[in-house]
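Data file: upload30.cif. Format and content: mmCIF, C-alpha atoms.
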data_input
loop_
_atom_site.label_atom_id
_atom_site.label_comp_id
_atom_site.auth_asym_id
_atom_site.auth_seq_id
_atom_site.Cartn_x
_atom_site.Cartn_y
_atom_site.Cartn_z
CA MET S 30 27.77 12.66 -15.92
CA THR S 31 25.82 15.90 -15.70
CA GLY S 32 24.68 18.47 -13.21
CA VAL S 33 25.38 18.34 -9.51
CA GLY S 34 26.88 14.86 -9.86
CA ARG S 35 29.87 16.49 -11.52
CA VAL S 36 30.50 18.50 -8.35
CA LEU S 37 30.43 15.22 -6.43
CA VAL S 38 33.04 13.84 -8.83
CA ILE S 39 35.41 16.77 -8.34
CA VAL S 40 35.14 16.48 -4.56
CA TYR S 41 35.85 12.75 -4.79
CA ALA S 42 38.75 13.47 -7.15
CA ILE S 43 40.24 15.98 -4.71
CA MET S 44 39.90 13.48 -1.86
CA ALA S 45 41.54 10.85 -4.07
CA LEU S 46 44.38 13.26 -4.82
CA ALA S 47 44.81 14.16 -1.14
CA ALA S 48 44.65 10.57 0.11
CA THR S 49 47.01 9.27 -2.59
CA GLY S 50 49.56 12.02 -2.01
CA ARG S 51 49.50 11.59 1.72
CA SER S 52 49.66 7.80 1.55
CA PHE S 53 52.53 7.93 -0.96
CA VAL S 54 54.61 10.14 1.33
CA GLN S 55 53.83 8.02 4.37
CA ILE S 56 54.82 4.79 2.66
CA VAL S 57 58.02 6.18 1.14
CA GLU S 58 59.19 7.90 4.33
CA LYS S 59 58.05 5.84 7.26
CA PHE S 60 56.19 2.69 6.37
CA ASP S 61 57.88 0.62 9.07
CA GLU S 62 56.72 3.05 11.76
CA ALA S 63 53.10 1.99 11.33
CA PRO S 64 52.59 -0.54 8.54
CA LEU S 65 48.93 -1.18 9.41
CA ALA S 66 47.93 2.48 9.55
CA TYR S 67 49.79 3.33 6.36
CA THR S 68 48.39 0.31 4.51
CA LEU S 69 44.97 1.54 5.53
CA SER S 70 45.91 4.97 4.22
CA ALA S 71 46.86 3.45 0.87
CA LEU S 72 43.63 1.44 0.84
CA SER S 73 41.57 4.58 1.43
CA ALA S 74 43.35 6.26 -1.48
CA VAL S 75 42.47 3.32 -3.75
CA VAL S 76 38.85 3.45 -2.57
CA TYR S 77 38.61 7.17 -3.41
CA ILE S 78 40.17 6.65 -6.84
CA VAL S 79 37.81 3.79 -7.63
CA ALA S 80 34.82 5.77 -6.33
CA THR S 81 35.74 8.77 -8.49
CA LEU S 82 36.04 6.69 -11.65
CA ALA S 83 32.93 4.65 -10.87
CA LEU S 84 30.87 7.82 -10.39
CA VAL S 85 32.05 9.20 -13.72
CA PHE S 86 30.91 6.02 -15.49
CA ALA S 87 27.94 5.27 -13.24
CA GLY S 88 25.63 5.39 -16.24
CA SER S 89 26.67 1.82 -16.90
CA ARG S 90 25.30 -0.93 -14.72
CA ARG S 91 28.70 -2.43 -13.96
CA TRP S 92 30.27 0.84 -12.87
CA TYR S 93 27.12 1.72 -10.91
CA ARG S 94 27.61 -1.44 -8.88
CA VAL S 95 31.30 -0.66 -8.41
CA ALA S 96 30.35 2.81 -7.20
CA TRP S 97 27.99 1.34 -4.60
CA ILE S 98 30.71 -0.98 -3.37
CA ALA S 99 33.39 1.70 -3.27
CA ILE S 100 31.24 4.33 -1.56
CA GLY S 101 29.78 1.74 0.79
CA PHE S 102 33.29 0.70 1.72
CA GLU S 103 34.24 4.35 2.15
CA LEU S 104 31.33 4.91 4.54
CA LEU S 105 32.18 1.79 6.49
CA GLY S 106 35.81 2.84 6.56
CA VAL S 107 35.24 6.31 7.94
CA LEU S 108 32.77 5.07 10.56
CA VAL S 109 34.91 2.13 11.71
CA ILE S 110 38.27 3.90 11.63
CA GLY S 111 36.70 7.01 13.14
CA THR S 112 35.29 4.99 16.03
CA LEU S 113 38.47 2.98 16.55
CA SER S 114 40.64 6.08 16.46
CA ILE S 115 38.62 7.52 19.34
CA ALA S 116 38.20 4.30 21.32
CA PHE S 117 41.82 3.18 20.87
CA PRO S 118 43.84 6.32 20.18
CA GLU S 119 47.11 4.54 20.87
CA LEU S 120 46.50 2.40 17.76
CA PHE S 121 46.10 5.51 15.63
CA GLN S 122 49.08 7.65 16.51
CA HIS S 123 49.71 7.84 12.78
CA PRO S 124 46.84 9.63 11.10
CA THR S 125 44.89 8.34 8.14
CA VAL S 126 42.32 10.21 6.11
CA TRP S 127 39.55 8.46 8.04
CA SER S 128 40.97 9.02 11.53
CA LEU S 129 38.66 10.89 13.89
CA PHE S 130 35.91 10.68 11.26
CA GLY S 131 37.91 12.79 8.84
CA TYR S 132 38.54 15.60 11.30
CA GLY S 133 41.76 16.47 9.48
CA TYR S 134 39.75 17.07 6.32
CA VAL S 135 36.98 19.19 7.82
CA PHE S 136 34.84 16.02 8.17
CA ILE S 137 34.41 15.85 4.41
CA PRO S 138 35.27 12.11 4.49
CA LEU S 139 32.34 11.62 6.90
CA VAL S 140 29.76 13.54 4.89
CA LEU S 141 30.86 12.68 1.37
CA PRO S 142 29.73 9.03 1.23
CA PHE S 143 26.19 10.05 2.22
CA PHE S 144 26.09 12.44 -0.73
CA GLY S 145 27.58 9.73 -2.93
CA LEU S 146 25.00 7.15 -1.95
CA TRP S 147 22.17 9.68 -2.27
CA TRP S 148 23.32 10.49 -5.80
CA LEU S 149 23.49 6.79 -6.72
CA VAL S 150 19.96 6.19 -5.42
CA LYS S 151 18.63 9.16 -7.42
CA HIS S 152 20.49 8.22 -10.60
CA PRO S 153 20.14 4.53 -11.35
CA PRO S 154 21.80 3.44 -14.57
CA VAL S 155 19.87 3.33 -17.81
CA ASP S 156 19.57 -0.24 -19.00
CA GLU S 157 19.80 -0.42 -22.81
CA ARG S 158 17.45 -3.40 -23.02
CA GLU S 159 14.73 -1.71 -20.98
CA LEU S 160 14.91 1.29 -23.30
CA THR S 161 13.90 -0.70 -26.36
CA ASP S 162 10.99 -2.40 -24.55
CA ALA S 163 9.45 0.88 -23.46
CA ALA S 164 7.80 3.31 -25.85
CA PRO S 165 10.50 4.88 -27.97
CA ALA S 166 11.53 7.98 -26.15
CA ALA S 167 14.31 10.46 -26.69
CA VAL S 168 17.60 8.82 -25.85
CA THR S 169 18.82 10.10 -22.53
CA SER S 170 22.39 11.33 -22.31
CA MET J 24 57.47 29.49 1.33
CA ILE J 25 57.38 33.20 1.94
CA LEU J 26 54.81 34.26 4.49
CA TRP J 27 53.41 37.35 2.77
CA PHE J 28 53.25 35.49 -0.54
CA THR J 29 51.43 32.62 1.13
CA TYR J 30 48.90 35.08 2.55
CA VAL J 31 48.38 36.61 -0.90
CA GLN J 32 47.91 33.23 -2.54
CA VAL J 33 45.53 31.96 0.14
CA ALA J 34 43.52 35.19 0.01
CA ILE J 35 43.22 35.03 -3.77
CA ALA J 36 42.38 31.31 -3.74
CA VAL J 37 39.69 31.84 -1.09
CA ALA J 38 38.31 34.86 -2.97
CA ALA J 39 38.27 32.96 -6.26
CA GLY J 40 36.75 29.96 -4.52
CA LEU J 41 33.95 31.88 -2.87
CA PHE J 42 33.33 33.95 -5.99
CA CYS J 43 32.95 30.87 -8.20
CA PHE J 44 31.06 28.85 -5.60
CA ILE J 45 28.51 31.58 -4.92
CA ALA J 46 28.24 32.66 -8.56
CA GLY J 47 27.63 29.03 -9.49
CA LEU J 48 24.94 28.49 -6.88
CA ALA J 49 23.34 31.72 -8.14
CA GLY J 50 23.08 30.12 -11.58
CA ARG J 51 25.99 31.76 -13.37
CA ARG J 52 27.65 29.78 -16.13
CA PRO J 53 31.44 29.87 -16.49
CA SER J 54 32.69 33.22 -17.71
CA ASP J 55 35.98 34.96 -18.34
CA TRP J 56 35.84 36.16 -14.75
CA THR J 57 35.35 32.80 -13.10
CA VAL J 58 37.74 30.87 -15.33
CA GLY J 59 40.13 33.82 -15.16
CA SER J 60 40.15 33.71 -11.37
CA LEU J 61 41.29 30.10 -11.55
CA ALA J 62 43.91 31.04 -14.12
CA LEU J 63 45.23 33.60 -11.64
CA VAL J 64 45.39 30.97 -8.88
CA GLU J 65 47.34 28.73 -11.26
CA LEU J 66 49.74 31.52 -12.21
CA LEU J 67 50.51 32.14 -8.56
CA LEU J 68 51.09 28.43 -8.03
CA ILE J 69 53.62 28.42 -10.86
CA VAL J 70 55.37 31.35 -9.20
CA GLN J 71 55.23 29.35 -5.97
CA ILE J 72 57.01 26.46 -7.69
CA VAL J 73 59.82 28.80 -8.70
CA VAL J 74 59.98 30.23 -5.18
CA ALA J 75 60.14 26.73 -3.69
CA ILE J 76 63.06 25.83 -5.95
CA VAL J 77 64.99 29.02 -5.26
CA ALA J 78 64.22 29.55 -1.57
CA PRO J 79 66.42 26.81 -0.10
CA LEU J 80 69.31 28.19 -2.14
CA THR J 81 68.86 31.59 -0.52
CA GLY J 82 68.74 30.47 3.08
CA ASN J 83 65.05 29.61 3.34
CA PRO J 84 64.89 25.82 3.52
CA PRO J 85 61.85 23.84 4.63
CA THR J 86 61.75 22.49 8.18
CA GLY J 87 59.43 19.69 7.21
CA SER J 88 59.47 16.89 4.68
CA LEU J 89 60.54 18.08 1.25
CA LEU J 90 58.76 15.16 -0.39
CA GLU J 91 55.49 15.92 1.35
CA PHE J 92 55.78 19.60 0.41
CA TRP J 93 56.37 18.86 -3.25
CA VAL J 94 53.59 16.27 -3.42
CA TYR J 95 51.22 18.97 -2.12
CA LEU J 96 52.59 21.65 -4.47
CA VAL J 97 52.51 19.49 -7.60
CA SER J 98 48.99 18.26 -6.71
CA ALA J 99 47.86 21.83 -6.17
CA ALA J 100 49.40 23.02 -9.44
CA LEU J 101 47.66 20.24 -11.41
CA LEU J 102 44.28 20.97 -9.87
CA PRO J 103 43.16 24.23 -11.58
CA PRO J 104 43.67 22.99 -15.15
CA ALA J 105 42.10 19.62 -14.31
CA ALA J 106 39.15 21.29 -12.60
CA VAL J 107 38.62 23.74 -15.46
CA VAL J 108 38.69 20.92 -18.04
CA TRP J 109 36.22 18.90 -15.97
CA ALA J 110 34.06 21.94 -15.31
CA LEU J 111 33.92 23.05 -18.94
CA LEU J 112 32.74 19.70 -20.30
CA GLU J 113 29.38 21.28 -19.59
CA ARG J 114 28.50 24.98 -19.36
CA SER J 115 26.22 24.95 -16.38
CA ARG J 116 26.04 26.54 -12.97
CA TRP J 117 27.64 23.41 -11.58
CA SER J 118 30.66 24.04 -13.79
CA THR J 119 31.18 27.29 -11.92
CA VAL J 120 30.66 25.58 -8.57
CA ILE J 121 33.28 22.97 -9.52
CA MET J 122 35.85 25.70 -10.09
CA GLY J 123 34.98 27.22 -6.72
CA VAL J 124 35.47 23.90 -4.95
CA ALA J 125 38.88 23.47 -6.59
CA ALA J 126 40.04 26.97 -5.61
CA LEU J 127 38.96 26.45 -2.00
CA ALA J 128 40.81 23.13 -1.89
CA ILE J 129 43.92 24.91 -3.16
CA ALA J 130 43.65 27.49 -0.39
CA VAL J 131 43.74 24.67 2.14
CA MET J 132 46.66 23.00 0.39
CA LEU J 133 48.62 26.27 0.34
CA TRP J 134 48.20 26.64 4.07
CA ARG J 135 49.30 23.03 4.63
CA MET J 136 52.36 23.69 2.46
CA HIS J 137 53.23 26.70 4.57
CA ILE J 138 52.99 24.65 7.76
CA ILE J 139 55.20 21.93 6.26
CA TRP J 140 57.76 24.54 5.21
CA THR J 141 57.91 26.61 8.38
CA VAL J 142 56.55 24.69 11.35
CA GLN J 143 56.61 20.94 10.85
CA VAL J 144 59.81 19.07 11.62
CA ALA J 145 60.89 16.45 9.09
#

Just give me the structure of the file as structure tokens.
Amino acid sequence: MTGVGRVLVIVYAIMALAATGRSFVQIVEKFDEAPLAYTLSALSAVVYIVATLALVFAGSRRWYRVAWIAIGFELLGVLVIGTLSIAFPELFQHPTVWSLFGYGYVFIPLVLPFFGLWWLVKHPPVDERELTDAAPAAVTS
Amino acid sequence: MILWFTYVQVAIAVAAGLFCFIAGLAGRRPSDWTVGSLALVELLLIVQIVVAIVAPLTGNPPTGSLLEFWVYLVSAALLPPAAVVWALLERSRWSTVIMGVAALAIAVMLWRMHIIWTVQVA
């Protein structure tokens, strides 16, 4: 993991930290107040954690695929929850990280998956088998 | 939380954040100054931990959720060392940018902590 991708990882890691902390407090203190919203909150935390790890290891094909799934889910999540939280505000009295398109987090949750997907498109994984078929080149990091 | 101390911490975290972020985008690799600025942010967070332990005993309890406050504070205190380790795996401009991002995130967290302590009701 080199270059600007490492900045992406730290932003994802901070979002994972924020979402996990928030979700943990919500579940411990008031889960019965809004079990659906807080389950969603926990789910978003898991998605961010998985996305962070998958990006770090995205050089491998398997993790690259996991990253696509996690970031794709993240994008879907912020768009769907964002829309629902505006269309049906009474369902979202209890905020999640994706409510209002991530308004509570300066819209970083809205923008981040686009950067994530862009990075994945620009950095496909190196397949070991393809390397040996091609002319022997310097091994990429 | 103590208001003036919160202001000082936020100001230093924002200054460190902008300094590292801009220096990084300008192509600077990590230096004693940039890593040092994060070390300063961390030092202040450690002081903040002490303050948060002592304050309720001296008549300055939080109005909001103690658990939420401490989850923020512990997260914030873990962030500078984690960010520096991650940043310094390489020695590039992006390493400096990473430290800037972490410091700016801490500034936000400090402000949230202050709101939890003084405004929010548990």

Practice item. Compile the contact shell of segment 117-122 of chain S as a PyMOL selection string: residues with an atom at most 12 Å away, counting all atoms listed in the file, same-chain residues fewer than 3 positions apart removed. Key: chain S and resi 62-67+69-70+109-114+125-129

- request: May I have the residues of chain J within 8 Å of chain S, counting all atoms listed in the file, written as an NGL selection string?
  value: :J and (90-91 or 94-95 or 98 or 106 or 109-110 or 113 or 115 or 117-118 or 120-121 or 124-125 or 128)

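Once the PyMOL selection byres ((chain J and resi 43) around 9) is applied to this file, the selection holds Ala38, Ala39, Gly40, Leu41, Phe42, Phe44, Ile45, Ala46, Gly47, Leu48, Arg51, Pro53, Trp56, Thr57, Val58, Ser60, Thr119, Val120, Ile121, Met122, Gly123, Val124 and Ala126 of chain J.
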
- Item | Shell around Thr141 of chain J at 8 Å using all atoms listed in the file, local window under 3 positions removed, as a ChimeraX atom specification | /J:24,85-87,137-138

Output of the PyMOL selection byres ((chain J and resi 131-135) around 8), listed as a VMD selection string
chain J and resid 29 32 to 33 95 to 96 99 127 to 130 136 to 139

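Put simply, atom CA of Val74 of chain J is 24.6 Å away from atom CA of Val107 of chain J.
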
Atom pair atom CA of Pro154 of chain S + atom CA of Val79 of chain S, distance 17.5 Å

What separates atom CA of Ser54 of chain J and atom CA of Ala36 of chain J is a distance of 17.1 Å

Given the PyMOL selection byres ((chain S and resi 99) around 9) and the file above, list the residues it selects as an mmCIF file with C-alpha atoms, in the coordinates of the input.
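Contents of the output file part-v6.cif:
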data_model
loop_
_atom_site.group_PDB
_atom_site.id
_atom_site.type_symbol
_atom_site.label_atom_id
_atom_site.label_comp_id
_atom_site.auth_asym_id
_atom_site.auth_seq_id
_atom_site.Cartn_x
_atom_site.Cartn_y
_atom_site.Cartn_z
ATOM 1 C CA VAL S 76 38.850 3.450 -2.570
ATOM 2 C CA TYR S 77 38.610 7.170 -3.410
ATOM 3 C CA VAL S 79 37.810 3.790 -7.630
ATOM 4 C CA ALA S 80 34.820 5.770 -6.330
ATOM 5 C CA ALA S 83 32.930 4.650 -10.870
ATOM 6 C CA ARG S 94 27.610 -1.440 -8.880
ATOM 7 C CA VAL S 95 31.300 -0.660 -8.410
ATOM 8 C CA ALA S 96 30.350 2.810 -7.200
ATOM 9 C CA TRP S 97 27.990 1.340 -4.600
ATOM 10 C CA ILE S 98 30.710 -0.980 -3.370
ATOM 11 C CA ILE S 100 31.240 4.330 -1.560
ATOM 12 C CA GLY S 101 29.780 1.740 0.790
ATOM 13 C CA PHE S 102 33.290 0.700 1.720
ATOM 14 C CA GLU S 103 34.240 4.350 2.150
ATOM 15 C CA LEU S 104 31.330 4.910 4.540
#
